[in-house]
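What follows is a set of notes on a single structure, which appears directly below.
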Amino acid sequence: MKVEVLREHLVKGLQTVCPIVPSKSTLPILSHILLETQKNGMTLTGTDLEMGISCFIPAQIQEDGAAAVPAKKLSDLAKELPNSPLQLSTKKNHQLSIECENGLFKISGLPKEEFPRLPQTDGQDTLVMDQGLLQAMLNL
């Protein structure tokens, strides 16, 4: 995987997905976020096996791929990086390299095959709702 992404897009995606990632789990992969390239961007996915969140962020894809990286480490690092484009790349050893104007950072990851898949729906029992309405209902 080789991707260029704006820091603010990565941070916003991580803020969306990280709340679902358990801080402690008997399965180490559950503390990870799956980064996968898509057309015109990247999907960030997190799960605790009961619930899952997937978030799309825009990015320039130079090479397709995927990586499962520790959510907390990536989130903490992304918040501290300068507000500039980031180059994300992975090697065969599942290590994520993050390159920016101030340096190079590496985070060890796990193979994407170990990451649990979110259940797929056929769309028949899908409900589309305005985000504000759902939030108001949950705050009651």
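We label chains A, B, ... in the order they appear in the structure tokens, count residues from 1 in each chain, and number ligands from 1 in the order shown.
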- Skipping near chain neighbours, those fewer than 2 positions away, what residues fall within 12 Å of range 5-16 of chain A using only C-alpha atoms, listed as JSON, numbers by chain? {"A": [2, 3, 18, 19, 20, 21, 32, 33, 34, 35, 37, 40, 41, 42, 43, 44, 45, 46, 47, 52, 53, 54, 55, 56, 57, 58, 59, 60, 61, 62, 69, 70, 71, 72, 73, 74, 75, 76, 77, 78, 79, 80, 81, 82, 83, 84, 85, 86, 87, 88, 89, 98, 99, 100, 101]}
- Could you give me, as a VMD selection string, each residue of range 56-136 of chain A that DSSP assigns to strand (DSSP E or B) when run on this structure's backbone? chain A and resid 56 to 58 60 to 63 66 to 70 85 to 90 95 to 100 103 to 108 110
Output of the above residues as a PDB file, in the first residue's frame, restricted to C-alpha atoms:
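Heads up, here's the output in result_37.pdb:
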ATOM      1  CA  PHE A  56     -14.065   6.510   4.042  1.00  0.00           C
ATOM      2  CA  ILE A  57     -11.483   9.287   3.736  1.00  0.00           C
ATOM      3  CA  PRO A  58     -10.213  10.874   0.515  1.00  0.00           C
ATOM      4  CA  GLN A  60      -4.410   9.701  -3.482  1.00  0.00           C
ATOM      5  CA  ILE A  61      -3.745   6.007  -4.042  1.00  0.00           C
ATOM      6  CA  GLN A  62      -0.363   5.241  -5.558  1.00  0.00           C
ATOM      7  CA  GLU A  63      -0.396   1.509  -4.771  1.00  0.00           C
ATOM      8  CA  ALA A  66      -4.171  -2.873   3.296  1.00  0.00           C
ATOM      9  CA  ALA A  67      -2.760  -2.895   6.807  1.00  0.00           C
ATOM     10  CA  ALA A  68      -4.087  -3.530  10.311  1.00  0.00           C
ATOM     11  CA  VAL A  69      -2.331  -1.140  12.716  1.00  0.00           C
ATOM     12  CA  PRO A  70      -2.768  -0.383  16.428  1.00  0.00           C
ATOM     13  CA  PRO A  85       0.185  15.731   3.406  1.00  0.00           C
ATOM     14  CA  LEU A  86       1.279  12.366   4.810  1.00  0.00           C
ATOM     15  CA  GLN A  87       2.747   9.477   2.853  1.00  0.00           C
ATOM     16  CA  LEU A  88       1.525   6.125   4.212  1.00  0.00           C
ATOM     17  CA  SER A  89       3.139   2.933   2.954  1.00  0.00           C
ATOM     18  CA  THR A  90       3.377  -0.682   4.039  1.00  0.00           C
ATOM     19  CA  GLN A  95       4.867  -2.321   9.019  1.00  0.00           C
ATOM     20  CA  LEU A  96       3.180   1.027   8.333  1.00  0.00           C
ATOM     21  CA  SER A  97       5.549   3.887   7.487  1.00  0.00           C
ATOM     22  CA  ILE A  98       4.273   7.435   7.878  1.00  0.00           C
ATOM     23  CA  GLU A  99       6.372  10.097   6.209  1.00  0.00           C
ATOM     24  CA  CYS A 100       5.791  13.822   6.619  1.00  0.00           C
ATOM     25  CA  GLY A 103      10.250  12.879   9.764  1.00  0.00           C
ATOM     26  CA  LEU A 104       9.527   9.216   9.262  1.00  0.00           C
ATOM     27  CA  PHE A 105       7.546   7.083  11.714  1.00  0.00           C
ATOM     28  CA  LYS A 106       7.011   3.324  11.667  1.00  0.00           C
ATOM     29  CA  ILE A 107       4.273   1.299  13.352  1.00  0.00           C
ATOM     30  CA  SER A 108       4.253  -2.505  13.372  1.00  0.00           C
ATOM     31  CA  LEU A 110      -0.709  -7.325  11.565  1.00  0.00           C
TER      32      LEU A 110
END
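One finds CA of Glu50 in chain A at 18.9 Å from CA of Asp122 in chain A.
Straight-line separation from CA of Ile29 in chain A to CA of Asp64 in chain A: 21.4 Å.
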- Query: Could you pull out all residues of chain A with a DSSP call of alpha helix (DSSP H) and give them as a list in words?
  - Reply: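 These are the residues in question: Arg7, Glu8, His9, Leu10, Val11, Lys12, Gly13, Leu14, Gln15, Thr16, Val17, Ala71, Lys72, Lys73, Leu74, Ser75, Asp76, Leu77, Ala78, Lys79, Glu80, Gln131, Gly132, Leu133, Leu134, Gln135, Ala136, Met137 and Leu138 of chain A.
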- Find the distance between CA of Val17 in chain A and CA of Asn93 in chain A and write it in Å to one decimal.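 Straight-line distance from CA of Val17 in chain A to CA of Asn93 in chain A works out to 24.2 Å.
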